[in-house]
Amino acid sequence: DAKTTQPPSMDCAEGRAANLPCNHSTISGNEYVYWYRQIHSQGPQYIIHGLKNNETNEMASLIITEDRKSSTLILPHATLRDTAVYYCIVRGLRGYYGGSQGNLIFGKGTKLSVKP
Amino acid sequence: SAVISQKPSRDICQRGTSLTIQCQVDSQVTMMFWYRQQPGQSLTLIATANQGSEATYESGFVIDKFPISRPNLTFSTLTVSNMSPEDSSIYLCSVESVENTRSGANVLTFGAGSRLTVL
């Protein structure tokens, strides 16, 4: 699986958009970009994923560059509850264990602090 | 997506003892996964538990240290054996679920974790 690079930490003002970058320059053609987040004292939570088109759901938007070597997760109106570690992971749609995603490789992620 | 309950949520244990963590899912799942998150670190997969077969362990993790049971499609246990302070971690159970997306991608749902402190 391709390796990802994220800034270790970011700050964002409450109510403003939080833009979290991720570099994945070695991504292969069949690998998706997934984003999870981990709020303190909780397990990781799936946010969004995409292949090459921009994606949006009720939680966030995902912007993937045309060459797919980087992406940005956008939280349009960050709240204090969005303070968490955000993980960018690249992974094939079907993973190692016969279709499982179990072996997700979590990097260190970006610690996002939303401030009042 | 699935709802996962883990017990205990936290515990303080003595060196040399063993502790069993339980993971209960509200729906039947084929595979369950156990992760470890050491203090200040990211998550590392310990093993994959299939119902009716032995768990598959990742490099660096062995069955004698982390025995796993998977008696049915909604339940699994992870035992941390002969604990030492280095085993102080959060242990997380997760399962795969299908998100309602165009791609139908399977994503992981995690329990809240079990925070173990070994003295």
# chains A, B, ... in the order shown; residues from 1 in each chain; ligands from 1

$ residues_around --residues "Asn54 of chain A" --least-positions-apart "3" --cutoff "9 Å" --atoms "only C-alpha atoms" --output "list in words"
Gly50, Leu51, Ser61, Leu62, Ile63, Ile64 and Thr65 of chain A

$ residues_around --residues "Met10 of chain A" --least-positions-apart "3" --cutoff "9 Å" --atoms "only C-alpha atoms" --output "PyMOL selection string"
chain A and resi 7+18+20+110-114

$ interface_residues --of "chain A" --to "chain B" --cutoff "6 Å" --atoms "only C-alpha atoms" --output "list in words"
Gln42, Gly43, Phe106 and Lys108 of chain A

$ atom_distance --atom1 "atom CA of Ala84 of chain A" --atom2 "atom CA of Gln45 of chain A"
10.3 Å

$ closest_residue --among "A:Ala78, A:Met59, A:Val90, A:Val85" --to "Asn30 of chain A" --atoms "only C-alpha atoms"
A:Val90

$ atom_distance --atom1 "atom CA of Leu19 of chain B" --atom2 "atom CA of Ala49 of chain B"
17.9 Å

$ decode --residues "segment 2-16 of chain B" --atoms "all heavy atoms" --output "PDB file, in the first residue's frame"
ATOM      1  N   ALA B   2     -22.225  -1.204  11.885  1.00  0.00           N
ATOM      2  CA  ALA B   2     -22.305  -2.033  13.077  1.00  0.00           C
ATOM      3  C   ALA B   2     -22.030  -1.224  14.344  1.00  0.00           C
ATOM      4  O   ALA B   2     -21.349  -0.204  14.321  1.00  0.00           O
ATOM      5  CB  ALA B   2     -21.295  -3.171  12.972  1.00  0.00           C
ATOM      6  N   VAL B   3     -22.584  -1.711  15.447  1.00  0.00           N
ATOM      7  CA  VAL B   3     -22.312  -1.120  16.764  1.00  0.00           C
ATOM      8  C   VAL B   3     -21.494  -2.129  17.551  1.00  0.00           C
ATOM      9  O   VAL B   3     -21.878  -3.305  17.657  1.00  0.00           O
ATOM     10  CB  VAL B   3     -23.612  -0.783  17.509  1.00  0.00           C
ATOM     11  CG1 VAL B   3     -23.293  -0.257  18.898  1.00  0.00           C
ATOM     12  CG2 VAL B   3     -24.421   0.249  16.722  1.00  0.00           C
ATOM     13  N   ILE B   4     -20.386  -1.681  18.095  1.00  0.00           N
ATOM     14  CA  ILE B   4     -19.448  -2.562  18.778  1.00  0.00           C
ATOM     15  C   ILE B   4     -19.349  -2.164  20.241  1.00  0.00           C
ATOM     16  O   ILE B   4     -19.185  -0.985  20.567  1.00  0.00           O
ATOM     17  CB  ILE B   4     -18.053  -2.482  18.135  1.00  0.00           C
ATOM     18  CG1 ILE B   4     -18.123  -2.908  16.667  1.00  0.00           C
ATOM     19  CG2 ILE B   4     -17.056  -3.345  18.899  1.00  0.00           C
ATOM     20  CD1 ILE B   4     -16.816  -2.723  15.919  1.00  0.00           C
ATOM     21  N   SER B   5     -19.450  -3.152  21.119  1.00  0.00           N
ATOM     22  CA  SER B   5     -19.280  -2.923  22.549  1.00  0.00           C
ATOM     23  C   SER B   5     -18.050  -3.667  23.019  1.00  0.00           C
ATOM     24  O   SER B   5     -17.889  -4.861  22.715  1.00  0.00           O
ATOM     25  CB  SER B   5     -20.508  -3.419  23.328  1.00  0.00           C
ATOM     26  OG  SER B   5     -21.685  -2.768  22.885  1.00  0.00           O
ATOM     27  N   GLN B   6     -17.183  -2.994  23.734  1.00  0.00           N
ATOM     28  CA  GLN B   6     -15.996  -3.622  24.282  1.00  0.00           C
ATOM     29  C   GLN B   6     -16.021  -3.546  25.801  1.00  0.00           C
ATOM     30  O   GLN B   6     -16.422  -2.542  26.378  1.00  0.00           O
ATOM     31  CB  GLN B   6     -14.721  -2.903  23.793  1.00  0.00           C
ATOM     32  CG  GLN B   6     -14.222  -3.361  22.458  1.00  0.00           C
ATOM     33  CD  GLN B   6     -12.873  -2.773  22.115  1.00  0.00           C
ATOM     34  OE1 GLN B   6     -12.753  -2.024  21.161  1.00  0.00           O
ATOM     35  NE2 GLN B   6     -11.851  -3.118  22.900  1.00  0.00           N
ATOM     36  N   LYS B   7     -15.557  -4.637  26.428  1.00  0.00           N
ATOM     37  CA  LYS B   7     -15.423  -4.651  27.869  1.00  0.00           C
ATOM     38  C   LYS B   7     -14.109  -5.298  28.260  1.00  0.00           C
ATOM     39  O   LYS B   7     -13.717  -6.303  27.619  1.00  0.00           O
ATOM     40  CB  LYS B   7     -16.578  -5.453  28.507  1.00  0.00           C
ATOM     41  CG  LYS B   7     -17.912  -4.791  28.420  1.00  0.00           C
ATOM     42  CD  LYS B   7     -18.940  -5.454  29.332  1.00  0.00           C
ATOM     43  CE  LYS B   7     -19.200  -6.887  28.958  1.00  0.00           C
ATOM     44  NZ  LYS B   7     -20.310  -7.469  29.767  1.00  0.00           N
ATOM     45  N   PRO B   8     -13.390  -4.830  29.259  1.00  0.00           N
ATOM     46  CA  PRO B   8     -13.672  -3.605  29.999  1.00  0.00           C
ATOM     47  C   PRO B   8     -13.270  -2.373  29.193  1.00  0.00           C
ATOM     48  O   PRO B   8     -12.515  -2.473  28.238  1.00  0.00           O
ATOM     49  CB  PRO B   8     -12.786  -3.763  31.231  1.00  0.00           C
ATOM     50  CG  PRO B   8     -11.590  -4.494  30.719  1.00  0.00           C
ATOM     51  CD  PRO B   8     -12.137  -5.482  29.703  1.00  0.00           C
ATOM     52  N   SER B   9     -13.761  -1.227  29.592  1.00  0.00           N
ATOM     53  CA  SER B   9     -13.349  -0.004  28.912  1.00  0.00           C
ATOM     54  C   SER B   9     -11.954   0.410  29.363  1.00  0.00           C
ATOM     55  O   SER B   9     -11.203   1.039  28.606  1.00  0.00           O
ATOM     56  CB  SER B   9     -14.355   1.116  29.188  1.00  0.00           C
ATOM     57  OG  SER B   9     -14.459   1.348  30.578  1.00  0.00           O
ATOM     58  N   ARG B  10     -11.630   0.066  30.598  1.00  0.00           N
ATOM     59  CA  ARG B  10     -10.288   0.334  31.098  1.00  0.00           C
ATOM     60  C   ARG B  10     -10.028  -0.582  32.291  1.00  0.00           C
ATOM     61  O   ARG B  10     -10.965  -1.046  32.938  1.00  0.00           O
ATOM     62  CB  ARG B  10     -10.096   1.790  31.488  1.00  0.00           C
ATOM     63  CG  ARG B  10     -11.045   2.281  32.569  1.00  0.00           C
ATOM     64  CD  ARG B  10     -10.743   3.722  32.927  1.00  0.00           C
ATOM     65  NE  ARG B  10     -10.920   4.626  31.810  1.00  0.00           N
ATOM     66  CZ  ARG B  10      -9.994   5.475  31.394  1.00  0.00           C
ATOM     67  NH1 ARG B  10      -8.821   5.545  31.977  1.00  0.00           N
ATOM     68  NH2 ARG B  10     -10.237   6.284  30.369  1.00  0.00           N
ATOM     69  N   ASP B  11      -8.756  -0.837  32.518  1.00  0.00           N
ATOM     70  CA  ASP B  11      -8.393  -1.654  33.670  1.00  0.00           C
ATOM     71  C   ASP B  11      -6.943  -1.385  34.042  1.00  0.00           C
ATOM     72  O   ASP B  11      -6.145  -0.986  33.175  1.00  0.00           O
ATOM     73  CB  ASP B  11      -8.584  -3.143  33.368  1.00  0.00           C
ATOM     74  CG  ASP B  11      -8.864  -3.969  34.610  1.00  0.00           C
ATOM     75  OD1 ASP B  11      -8.525  -3.499  35.727  1.00  0.00           O
ATOM     76  OD2 ASP B  11      -9.403  -5.083  34.471  1.00  0.00           O
ATOM     77  N   ILE B  12      -6.662  -1.590  35.292  1.00  0.00           N
ATOM     78  CA  ILE B  12      -5.287  -1.512  35.789  1.00  0.00           C
ATOM     79  C   ILE B  12      -4.908  -2.905  36.242  1.00  0.00           C
ATOM     80  O   ILE B  12      -5.615  -3.514  37.048  1.00  0.00           O
ATOM     81  CB  ILE B  12      -5.176  -0.495  36.937  1.00  0.00           C
ATOM     82  CG1 ILE B  12      -5.560   0.890  36.449  1.00  0.00           C
ATOM     83  CG2 ILE B  12      -3.750  -0.484  37.502  1.00  0.00           C
ATOM     84  CD1 ILE B  12      -5.628   1.942  37.553  1.00  0.00           C
ATOM     85  N   CYS B  13      -3.800  -3.400  35.711  1.00  0.00           N
ATOM     86  CA  CYS B  13      -3.432  -4.803  35.935  1.00  0.00           C
ATOM     87  C   CYS B  13      -2.031  -4.891  36.531  1.00  0.00           C
ATOM     88  O   CYS B  13      -1.202  -3.998  36.342  1.00  0.00           O
ATOM     89  CB  CYS B  13      -3.467  -5.571  34.617  1.00  0.00           C
ATOM     90  SG  CYS B  13      -5.018  -5.400  33.713  1.00  0.00           S
ATOM     91  N   GLN B  14      -1.787  -5.986  37.201  1.00  0.00           N
ATOM     92  CA  GLN B  14      -0.481  -6.246  37.776  1.00  0.00           C
ATOM     93  C   GLN B  14       0.379  -7.023  36.792  1.00  0.00           C
ATOM     94  O   GLN B  14      -0.113  -7.853  36.008  1.00  0.00           O
ATOM     95  CB  GLN B  14      -0.632  -7.035  39.079  1.00  0.00           C
ATOM     96  CG  GLN B  14      -1.364  -6.277  40.171  1.00  0.00           C
ATOM     97  CD  GLN B  14      -0.658  -4.997  40.574  1.00  0.00           C
ATOM     98  OE1 GLN B  14       0.573  -4.970  40.700  1.00  0.00           O
ATOM     99  NE2 GLN B  14      -1.414  -3.928  40.748  1.00  0.00           N
ATOM    100  N   ARG B  15       1.627  -6.743  36.838  1.00  0.00           N
ATOM    101  CA  ARG B  15       2.607  -7.465  36.011  1.00  0.00           C
ATOM    102  C   ARG B  15       2.457  -8.968  36.200  1.00  0.00           C
ATOM    103  O   ARG B  15       2.266  -9.446  37.318  1.00  0.00           O
ATOM    104  CB  ARG B  15       4.009  -7.019  36.408  1.00  0.00           C
ATOM    105  CG  ARG B  15       5.144  -7.644  35.625  1.00  0.00           C
ATOM    106  CD  ARG B  15       6.463  -7.411  36.342  1.00  0.00           C
ATOM    107  NE  ARG B  15       6.749  -5.985  36.450  1.00  0.00           N
ATOM    108  CZ  ARG B  15       7.579  -5.335  35.645  1.00  0.00           C
ATOM    109  NH1 ARG B  15       8.185  -6.000  34.664  1.00  0.00           N
ATOM    110  NH2 ARG B  15       7.828  -4.060  35.813  1.00  0.00           N
ATOM    111  N   GLY B  16       2.500  -9.712  35.106  1.00  0.00           N
ATOM    112  CA  GLY B  16       2.447 -11.168  35.170  1.00  0.00           C
ATOM    113  C   GLY B  16       1.048 -11.751  35.074  1.00  0.00           C
ATOM    114  O   GLY B  16       0.896 -12.962  34.888  1.00  0.00           O
TER     115      GLY B  16
END
